[in-house]
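To be precise, the following lines are query_39.pdb, and they hold PDB, N, CA and C atoms.
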```pdb
ATOM      1  N   MET W   1       1.825   5.408 -24.124
ATOM      2  CA  MET W   1       2.035   5.983 -22.795
ATOM      3  C   MET W   1       2.395   7.450 -22.958
ATOM      4  N   ALA W   2       1.724   8.290 -22.248
ATOM      5  CA  ALA W   2       2.088   9.697 -22.226
ATOM      6  C   ALA W   2       3.412   9.820 -21.480
ATOM      7  N   LYS W   3       4.320  10.571 -22.028
ATOM      8  CA  LYS W   3       5.638  10.733 -21.413
ATOM      9  C   LYS W   3       5.501  11.538 -20.133
ATOM     10  N   ILE W   4       5.859  10.908 -19.035
ATOM     11  CA  ILE W   4       5.860  11.582 -17.743
ATOM     12  C   ILE W   4       7.305  11.642 -17.308
ATOM     13  N   SER W   5       7.861  12.849 -17.235
ATOM     14  CA  SER W   5       9.296  12.988 -16.985
ATOM     15  C   SER W   5       9.695  12.545 -15.586
ATOM     16  N   ASN W   6       8.960  12.895 -14.603
ATOM     17  CA  ASN W   6       9.264  12.503 -13.233
ATOM     18  C   ASN W   6       8.002  11.979 -12.566
ATOM     19  N   PRO W   7       7.601  10.755 -12.913
ATOM     20  CA  PRO W   7       6.354  10.254 -12.344
ATOM     21  C   PRO W   7       6.471  10.025 -10.846
ATOM     22  N   THR W   8       5.346  10.080 -10.200
ATOM     23  CA  THR W   8       5.262   9.776  -8.774
ATOM     24  C   THR W   8       4.742   8.344  -8.628
ATOM     25  N   THR W   9       4.781   7.843  -7.416
ATOM     26  CA  THR W   9       4.200   6.533  -7.157
ATOM     27  C   THR W   9       2.735   6.544  -7.577
ATOM     28  N   GLN W  10       2.034   7.618  -7.288
ATOM     29  CA  GLN W  10       0.621   7.738  -7.653
ATOM     30  C   GLN W  10       0.434   7.643  -9.166
ATOM     31  N   ASP W  11       1.331   8.260  -9.946
ATOM     32  CA  ASP W  11       1.257   8.172 -11.409
ATOM     33  C   ASP W  11       1.383   6.726 -11.874
ATOM     34  N   LEU W  12       2.282   5.978 -11.233
ATOM     35  CA  LEU W  12       2.533   4.598 -11.638
ATOM     36  C   LEU W  12       1.304   3.710 -11.473
ATOM     37  N   LEU W  13       0.418   4.076 -10.569
ATOM     38  CA  LEU W  13      -0.790   3.275 -10.340
ATOM     39  C   LEU W  13      -1.674   3.202 -11.578
ATOM     40  N   SER W  14      -1.596   4.199 -12.432
ATOM     41  CA  SER W  14      -2.442   4.221 -13.635
ATOM     42  C   SER W  14      -1.725   3.656 -14.860
ATOM     43  N   PHE W  15      -0.468   3.278 -14.725
ATOM     44  CA  PHE W  15       0.282   2.732 -15.856
ATOM     45  C   PHE W  15      -0.220   1.327 -16.191
ATOM     46  N   SER W  16      -0.287   1.029 -17.475
ATOM     47  CA  SER W  16      -0.559  -0.341 -17.907
ATOM     48  C   SER W  16       0.706  -1.168 -17.681
ATOM     49  N   ARG W  17       0.583  -2.459 -17.815
ATOM     50  CA  ARG W  17       1.746  -3.347 -17.673
ATOM     51  C   ARG W  17       2.828  -2.947 -18.685
ATOM     52  N   GLU W  18       2.421  -2.649 -19.897
ATOM     53  CA  GLU W  18       3.374  -2.242 -20.940
ATOM     54  C   GLU W  18       4.028  -0.902 -20.589
ATOM     55  N   ASP W  19       3.230   0.041 -20.114
ATOM     56  CA  ASP W  19       3.768   1.347 -19.721
ATOM     57  C   ASP W  19       4.777   1.201 -18.583
ATOM     58  N   LEU W  20       4.425   0.380 -17.615
ATOM     59  CA  LEU W  20       5.311   0.171 -16.477
ATOM     60  C   LEU W  20       6.607  -0.502 -16.917
ATOM     61  N   SER W  21       6.505  -1.462 -17.808
ATOM     62  CA  SER W  21       7.687  -2.131 -18.346
ATOM     63  C   SER W  21       8.571  -1.126 -19.089
ATOM     64  N   THR W  22       7.955  -0.281 -19.895
ATOM     65  CA  THR W  22       8.706   0.758 -20.624
ATOM     66  C   THR W  22       9.401   1.696 -19.638
ATOM     67  N   TYR W  23       8.704   2.071 -18.589
ATOM     68  CA  TYR W  23       9.293   2.948 -17.586
ATOM     69  C   TYR W  23      10.473   2.273 -16.885
ATOM     70  N   ILE W  24      10.319   0.996 -16.521
ATOM     71  CA  ILE W  24      11.404   0.248 -15.880
ATOM     72  C   ILE W  24      12.617   0.197 -16.806
ATOM     73  N   PHE W  25      12.387  -0.072 -18.091
ATOM     74  CA  PHE W  25      13.505  -0.117 -19.042
ATOM     75  C   PHE W  25      14.183   1.243 -19.172
ATOM     76  N   SER W  26      13.416   2.323 -19.085
ATOM     77  CA  SER W  26      14.022   3.656 -19.181
ATOM     78  C   SER W  26      14.916   3.929 -17.973
ATOM     79  N   ILE W  27      14.483   3.501 -16.782
ATOM     80  CA  ILE W  27      15.325   3.646 -15.596
ATOM     81  C   ILE W  27      16.581   2.795 -15.759
ATOM     82  N   GLN W  28      16.396   1.583 -16.269
ATOM     83  CA  GLN W  28      17.519   0.671 -16.457
ATOM     84  C   GLN W  28      18.536   1.261 -17.445
ATOM     85  N   GLU W  29      18.063   1.839 -18.529
ATOM     86  CA  GLU W  29      18.966   2.446 -19.516
ATOM     87  C   GLU W  29      19.743   3.611 -18.915
ATOM     88  N   GLU W  30      19.058   4.434 -18.151
ATOM     89  CA  GLU W  30      19.714   5.572 -17.503
ATOM     90  C   GLU W  30      20.761   5.084 -16.497
ATOM     91  N   LEU W  31      20.404   4.082 -15.735
ATOM     92  CA  LEU W  31      21.326   3.509 -14.758
ATOM     93  C   LEU W  31      22.540   2.894 -15.453
ATOM     94  N   GLN W  32      22.309   2.148 -16.523
ATOM     95  CA  GLN W  32      23.406   1.529 -17.265
ATOM     96  C   GLN W  32      24.331   2.578 -17.869
ATOM     97  N   SER W  33      23.768   3.671 -18.347
ATOM     98  CA  SER W  33      24.580   4.755 -18.902
ATOM     99  C   SER W  33      25.517   5.318 -17.839
ATOM    100  N   LYS W  34      24.989   5.533 -16.657
ATOM    101  CA  LYS W  34      25.812   6.072 -15.570
ATOM    102  C   LYS W  34      26.892   5.078 -15.156
ATOM    103  N   LEU W  35      26.530   3.805 -15.084
ATOM    104  CA  LEU W  35      27.515   2.778 -14.727
ATOM    105  C   LEU W  35      28.598   2.670 -15.806
ATOM    106  N   ASN W  36      28.194   2.756 -17.068
ATOM    107  CA  ASN W  36      29.149   2.676 -18.178
ATOM    108  C   ASN W  36      30.069   3.886 -18.255
ATOM    109  N   HIS W  37      29.634   4.983 -17.651
ATOM    110  CA  HIS W  37      30.472   6.195 -17.618
ATOM    111  C   HIS W  37      31.339   6.245 -16.362
ATOM    112  N   GLY W  38      31.416   5.136 -15.657
ATOM    113  CA  GLY W  38      32.358   5.027 -14.553
ATOM    114  C   GLY W  38      31.819   5.273 -13.162
ATOM    115  N   LEU W  39      30.547   5.631 -13.042
ATOM    116  CA  LEU W  39      29.989   5.814 -11.705
ATOM    117  C   LEU W  39      29.730   4.450 -11.064
ATOM    118  N   THR W  40      29.894   4.392  -9.769
ATOM    119  CA  THR W  40      29.550   3.170  -9.044
ATOM    120  C   THR W  40      28.112   3.280  -8.563
ATOM    121  N   MET W  41      27.544   2.171  -8.170
ATOM    122  CA  MET W  41      26.180   2.190  -7.640
ATOM    123  C   MET W  41      26.107   3.064  -6.396
ATOM    124  N   ASP W  42      27.124   3.012  -5.559
ATOM    125  CA  ASP W  42      27.146   3.863  -4.360
ATOM    126  C   ASP W  42      27.130   5.339  -4.739
ATOM    127  N   GLU W  43      27.895   5.711  -5.740
ATOM    128  CA  GLU W  43      27.923   7.116  -6.176
ATOM    129  C   GLU W  43      26.568   7.545  -6.733
ATOM    130  N   ILE W  44      25.939   6.659  -7.480
ATOM    131  CA  ILE W  44      24.608   6.967  -8.028
ATOM    132  C   ILE W  44      23.603   7.143  -6.897
ATOM    133  N   LEU W  45      23.622   6.223  -5.944
ATOM    134  CA  LEU W  45      22.660   6.285  -4.837
ATOM    135  C   LEU W  45      22.922   7.451  -3.896
ATOM    136  N   ASP W  46      24.163   7.934  -3.846
ATOM    137  CA  ASP W  46      24.457   9.126  -3.040
ATOM    138  C   ASP W  46      23.756  10.355  -3.598
ATOM    139  N   LYS W  47      23.533  10.387  -4.916
ATOM    140  CA  LYS W  47      22.915  11.541  -5.566
ATOM    141  C   LYS W  47      21.413  11.388  -5.760
ATOM    142  N   GLU W  48      20.963  10.162  -5.956
ATOM    143  CA  GLU W  48      19.546   9.911  -6.229
ATOM    144  C   GLU W  48      19.234   8.453  -5.919
ATOM    145  N   ASP W  49      17.963   8.161  -5.754
ATOM    146  CA  ASP W  49      17.526   6.779  -5.588
ATOM    147  C   ASP W  49      16.555   6.476  -6.720
ATOM    148  N   PRO W  50      17.052   5.819  -7.780
ATOM    149  CA  PRO W  50      16.174   5.572  -8.930
ATOM    150  C   PRO W  50      15.019   4.621  -8.632
ATOM    151  N   PHE W  51      15.070   3.969  -7.481
ATOM    152  CA  PHE W  51      14.042   2.990  -7.130
ATOM    153  C   PHE W  51      13.006   3.539  -6.141
ATOM    154  N   GLU W  52      13.198   4.753  -5.682
ATOM    155  CA  GLU W  52      12.393   5.320  -4.604
ATOM    156  C   GLU W  52      10.888   5.291  -4.867
ATOM    157  N   ILE W  53      10.453   5.710  -6.060
ATOM    158  CA  ILE W  53       9.003   5.747  -6.303
ATOM    159  C   ILE W  53       8.421   4.359  -6.546
ATOM    160  N   LEU W  54       9.298   3.380  -6.809
ATOM    161  CA  LEU W  54       8.834   2.018  -7.046
ATOM    162  C   LEU W  54       8.626   1.237  -5.752
ATOM    163  N   GLU W  55       9.377   1.601  -4.726
ATOM    164  CA  GLU W  55       9.364   0.848  -3.467
ATOM    165  C   GLU W  55       7.974   0.662  -2.860
ATOM    166  N   PRO W  56       7.127   1.697  -2.811
ATOM    167  CA  PRO W  56       5.818   1.506  -2.150
ATOM    168  C   PRO W  56       4.912   0.503  -2.853
ATOM    169  N   ILE W  57       5.130   0.256  -4.141
ATOM    170  CA  ILE W  57       4.220  -0.627  -4.868
ATOM    171  C   ILE W  57       4.865  -1.944  -5.286
ATOM    172  N   LEU W  58       6.077  -2.182  -4.851
ATOM    173  CA  LEU W  58       6.754  -3.426  -5.219
ATOM    174  C   LEU W  58       6.898  -4.306  -3.990
ATOM    175  N   PRO W  59       6.364  -5.531  -4.051
ATOM    176  CA  PRO W  59       6.489  -6.422  -2.901
ATOM    177  C   PRO W  59       7.948  -6.643  -2.518
ATOM    178  N   GLN W  60       8.180  -6.786  -1.236
ATOM    179  CA  GLN W  60       9.527  -6.936  -0.697
ATOM    180  C   GLN W  60      10.314  -8.054  -1.360
ATOM    181  N   GLU W  61       9.654  -9.152  -1.668
ATOM    182  CA  GLU W  61      10.371 -10.281  -2.244
ATOM    183  C   GLU W  61      10.780 -10.055  -3.703
ATOM    184  N   VAL W  62      10.160  -9.099  -4.378
ATOM    185  CA  VAL W  62      10.465  -8.823  -5.784
ATOM    186  C   VAL W  62      11.479  -7.685  -5.921
ATOM    187  N   TYR W  63      11.555  -6.844  -4.904
ATOM    188  CA  TYR W  63      12.443  -5.672  -4.951
ATOM    189  C   TYR W  63      13.896  -6.029  -5.285
ATOM    190  N   PRO W  64      14.515  -7.028  -4.625
ATOM    191  CA  PRO W  64      15.905  -7.345  -4.968
ATOM    192  C   PRO W  64      16.059  -7.871  -6.395
ATOM    193  N   ILE W  65      15.037  -8.541  -6.903
ATOM    194  CA  ILE W  65      15.088  -9.025  -8.291
ATOM    195  C   ILE W  65      15.142  -7.832  -9.241
ATOM    196  N   LEU W  66      14.305  -6.831  -8.978
ATOM    197  CA  LEU W  66      14.295  -5.618  -9.796
ATOM    198  C   LEU W  66      15.657  -4.936  -9.768
ATOM    199  N   VAL W  67      16.188  -4.729  -8.582
ATOM    200  CA  VAL W  67      17.469  -4.017  -8.448
ATOM    201  C   VAL W  67      18.587  -4.777  -9.153
ATOM    202  N   LEU W  68      18.665  -6.072  -8.938
ATOM    203  CA  LEU W  68      19.716  -6.865  -9.589
ATOM    204  C   LEU W  68      19.548  -6.888 -11.108
ATOM    205  N   ALA W  69      18.311  -6.973 -11.577
ATOM    206  CA  ALA W  69      18.067  -6.949 -13.021
ATOM    207  C   ALA W  69      18.510  -5.623 -13.618
ATOM    208  N   MET W  70      18.234  -4.530 -12.925
ATOM    209  CA  MET W  70      18.622  -3.216 -13.441
ATOM    210  C   MET W  70      20.138  -3.043 -13.444
ATOM    211  N   ILE W  71      20.778  -3.413 -12.351
ATOM    212  CA  ILE W  71      22.227  -3.242 -12.251
ATOM    213  C   ILE W  71      22.955  -4.120 -13.265
ATOM    214  N   ASN W  72      22.465  -5.339 -13.462
ATOM    215  CA  ASN W  72      23.125  -6.290 -14.358
ATOM    216  C   ASN W  72      22.560  -6.275 -15.778
ATOM    217  N   ASN W  73      21.657  -5.320 -16.050
ATOM    218  CA  ASN W  73      21.067  -5.129 -17.371
ATOM    219  C   ASN W  73      20.394  -6.405 -17.890
ATOM    220  N   ILE W  74      19.647  -7.055 -17.019
ATOM    221  CA  ILE W  74      18.936  -8.285 -17.374
ATOM    222  C   ILE W  74      17.553  -7.909 -17.888
ATOM    223  N   ARG W  75      17.227  -8.436 -19.071
ATOM    224  CA  ARG W  75      15.927  -8.149 -19.673
ATOM    225  C   ARG W  75      15.231  -9.405 -20.161
ATOM    226  N   SER W  76      15.568 -10.526 -19.584
ATOM    227  CA  SER W  76      14.942 -11.772 -20.040
ATOM    228  C   SER W  76      13.449 -11.715 -19.741
ATOM    229  N   GLU W  77      12.694 -12.366 -20.594
ATOM    230  CA  GLU W  77      11.244 -12.348 -20.456
ATOM    231  C   GLU W  77      10.805 -12.919 -19.108
ATOM    232  N   THR W  78      11.479 -13.963 -18.656
ATOM    233  CA  THR W  78      11.131 -14.602 -17.389
ATOM    234  C   THR W  78      11.297 -13.641 -16.219
ATOM    235  N   VAL W  79      12.420 -12.934 -16.187
ATOM    236  CA  VAL W  79      12.694 -12.002 -15.098
ATOM    237  C   VAL W  79      11.735 -10.813 -15.157
ATOM    238  N   ILE W  80      11.549 -10.260 -16.336
ATOM    239  CA  ILE W  80      10.664  -9.101 -16.482
ATOM    240  C   ILE W  80       9.226  -9.479 -16.129
ATOM    241  N   ASP W  81       8.782 -10.666 -16.546
ATOM    242  CA  ASP W  81       7.432 -11.112 -16.193
ATOM    243  C   ASP W  81       7.273 -11.230 -14.674
ATOM    244  N   ALA W  82       8.289 -11.763 -14.003
ATOM    245  CA  ALA W  82       8.236 -11.890 -12.541
ATOM    246  C   ALA W  82       8.142 -10.514 -11.886
ATOM    247  N   ILE W  83       8.903  -9.562 -12.399
ATOM    248  CA  ILE W  83       8.868  -8.198 -11.860
ATOM    249  C   ILE W  83       7.503  -7.559 -12.112
ATOM    250  N   MET W  84       6.979  -7.703 -13.321
ATOM    251  CA  MET W  84       5.682  -7.113 -13.649
ATOM    252  C   MET W  84       4.554  -7.763 -12.846
ATOM    253  N   ASP W  85       4.627  -9.093 -12.653
ATOM    254  CA  ASP W  85       3.626  -9.766 -11.813
ATOM    255  C   ASP W  85       3.689  -9.210 -10.390
ATOM    256  N   GLY W  86       4.908  -8.985  -9.897
ATOM    257  CA  GLY W  86       5.083  -8.397  -8.574
ATOM    258  C   GLY W  86       4.478  -7.008  -8.487
ATOM    259  N   PHE W  87       4.703  -6.208  -9.536
ATOM    260  CA  PHE W  87       4.119  -4.863  -9.552
ATOM    261  C   PHE W  87       2.603  -4.927  -9.538
ATOM    262  N   GLU W  88       2.020  -5.825 -10.311
ATOM    263  CA  GLU W  88       0.560  -5.924 -10.346
ATOM    264  C   GLU W  88       0.006  -6.271  -8.963
ATOM    265  N   ARG W  89       0.635  -7.219  -8.272
ATOM    266  CA  ARG W  89       0.214  -7.555  -6.902
ATOM    267  C   ARG W  89       0.429  -6.375  -5.966
ATOM    268  N   GLY W  90       1.588  -5.745  -6.099
ATOM    269  CA  GLY W  90       1.925  -4.620  -5.233
ATOM    270  C   GLY W  90       0.993  -3.437  -5.416
ATOM    271  N   ILE W  91       0.604  -3.167  -6.643
ATOM    272  CA  ILE W  91      -0.320  -2.060  -6.918
ATOM    273  C   ILE W  91      -1.676  -2.347  -6.281
ATOM    274  N   LYS W  92      -2.157  -3.585  -6.413
ATOM    275  CA  LYS W  92      -3.439  -3.949  -5.790
ATOM    276  C   LYS W  92      -3.356  -3.794  -4.272
ATOM    277  N   ASP W  93      -2.281  -4.283  -3.681
ATOM    278  CA  ASP W  93      -2.104  -4.165  -2.227
ATOM    279  C   ASP W  93      -2.020  -2.699  -1.803
ATOM    280  N   TYR W  94      -1.267  -1.906  -2.548
ATOM    281  CA  TYR W  94      -1.101  -0.480  -2.243
ATOM    282  C   TYR W  94      -2.460   0.223  -2.293
ATOM    283  N   GLN W  95      -3.221  -0.054  -3.347
ATOM    284  CA  GLN W  95      -4.531   0.579  -3.486
ATOM    285  C   GLN W  95      -5.488   0.127  -2.378
ATOM    286  N   ASN W  96      -5.443  -1.158  -2.027
ATOM    287  CA  ASN W  96      -6.289  -1.653  -0.933
ATOM    288  C   ASN W  96      -5.922  -0.990   0.376
ATOM    289  N   ASN W  97      -4.622  -0.823   0.633
ATOM    290  CA  ASN W  97      -4.188  -0.151   1.863
ATOM    291  C   ASN W  97      -4.624   1.313   1.879
ATOM    292  N   MET W  98      -4.563   1.960   0.721
ATOM    293  CA  MET W  98      -5.006   3.359   0.640
ATOM    294  C   MET W  98      -6.507   3.446   0.908
ATOM    295  N   ASP W  99      -7.276   2.505   0.353
ATOM    296  CA  ASP W  99      -8.725   2.488   0.575
ATOM    297  C   ASP W  99      -9.044   2.244   2.045
ATOM    298  N   ASP W 100      -8.305   1.314   2.668
ATOM    299  CA  ASP W 100      -8.522   1.004   4.082
ATOM    300  C   ASP W 100      -8.202   2.203   4.965
ATOM    301  N   SER W 101      -7.183   2.962   4.617
ATOM    302  CA  SER W 101      -6.795   4.108   5.447
ATOM    303  C   SER W 101      -7.801   5.263   5.321
ATOM    304  N   ARG W 102      -8.540   5.282   4.236
ATOM    305  CA  ARG W 102      -9.565   6.332   4.049
ATOM    306  C   ARG W 102     -10.869   5.987   4.742
ATOM    307  N   ALA W 103     -11.061   4.698   4.994
ATOM    308  CA  ALA W 103     -12.338   4.248   5.599
ATOM    309  C   ALA W 103     -12.423   4.588   7.063
TER     310      ALA W 103
END
```

Could you show the structure in this file as structure tokens?
Amino acid sequence: MAKISNPTTQDLLSFSREDLSTYIFSIQEELQSKLNHGLTMDEILDKEDPFEILEPILPQEVYPILVLAMINNIRSETVIDAIMDGFERGIKDYQNNMDDSRA
């Protein structure tokens, strides 16, 4: 994966499943570092929304799983697979909606 420092939602559309997983883990590590240094989730969200670019391509039912996994540092294969499956569906839906809006 080419290192993209601040990817956009559009950038994420071209990520492979592995690239997207790596990106999710990088957000999770950054979030965990901030939490371990004493910041609360509210304080973090007051300054930034680490989930903002993910929201358009993540189905609503998978979004809370992602957030809870990141906050609680969960990396089990079952949870990550569910999140990645959600992203794959969400990316297809997002792209279909973009195609429909251009037609």

Report the centre and edge lengths, in Å to one decimal, of an axis-aligned box enclosing every atom of segment 40-50 of chain W listed in the file, padded by 6 Å on each side, as JSON.
```
{"center_x": 22.5, "center_y": 6.9, "center_z": -6.4, "size_x": 26.9, "size_y": 21.4, "size_z": 18.7}
```

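With only C-alpha atoms as the atoms that count, the residue of W:Phe51, W:Ile57, W:Ile74, W:Leu68 with the shortest distance to Asn96 of chain W is W:Ile57.
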
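Compared by their closest atoms to Gly90 of chain W, and using only N, CA and C atoms, the residues W:Thr22, W:Ser33, W:Leu58, W:Asp49 rank with W:Leu58 nearest.
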
- DSSP says alpha helix (DSSP H) for which residues of chain W? Put them as number ranges by chain? W: 9-12, 17-36, 41-47, 63-71, 77-102

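In this structure, atom CA of Ser14 of chain W sits 16.3 Å away from atom N of Pro59 of chain W.
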
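Shortest separation to Phe87 of chain W among W:His37, W:Val62, W:Asn72, W:Asp100 occurs at residue W:Val62, atoms counted being all atoms listed in the file.
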
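Pairwise distance (atom N of Pro7 of chain W, atom CA of Ser26 of chain W) equals 11.4 Å.
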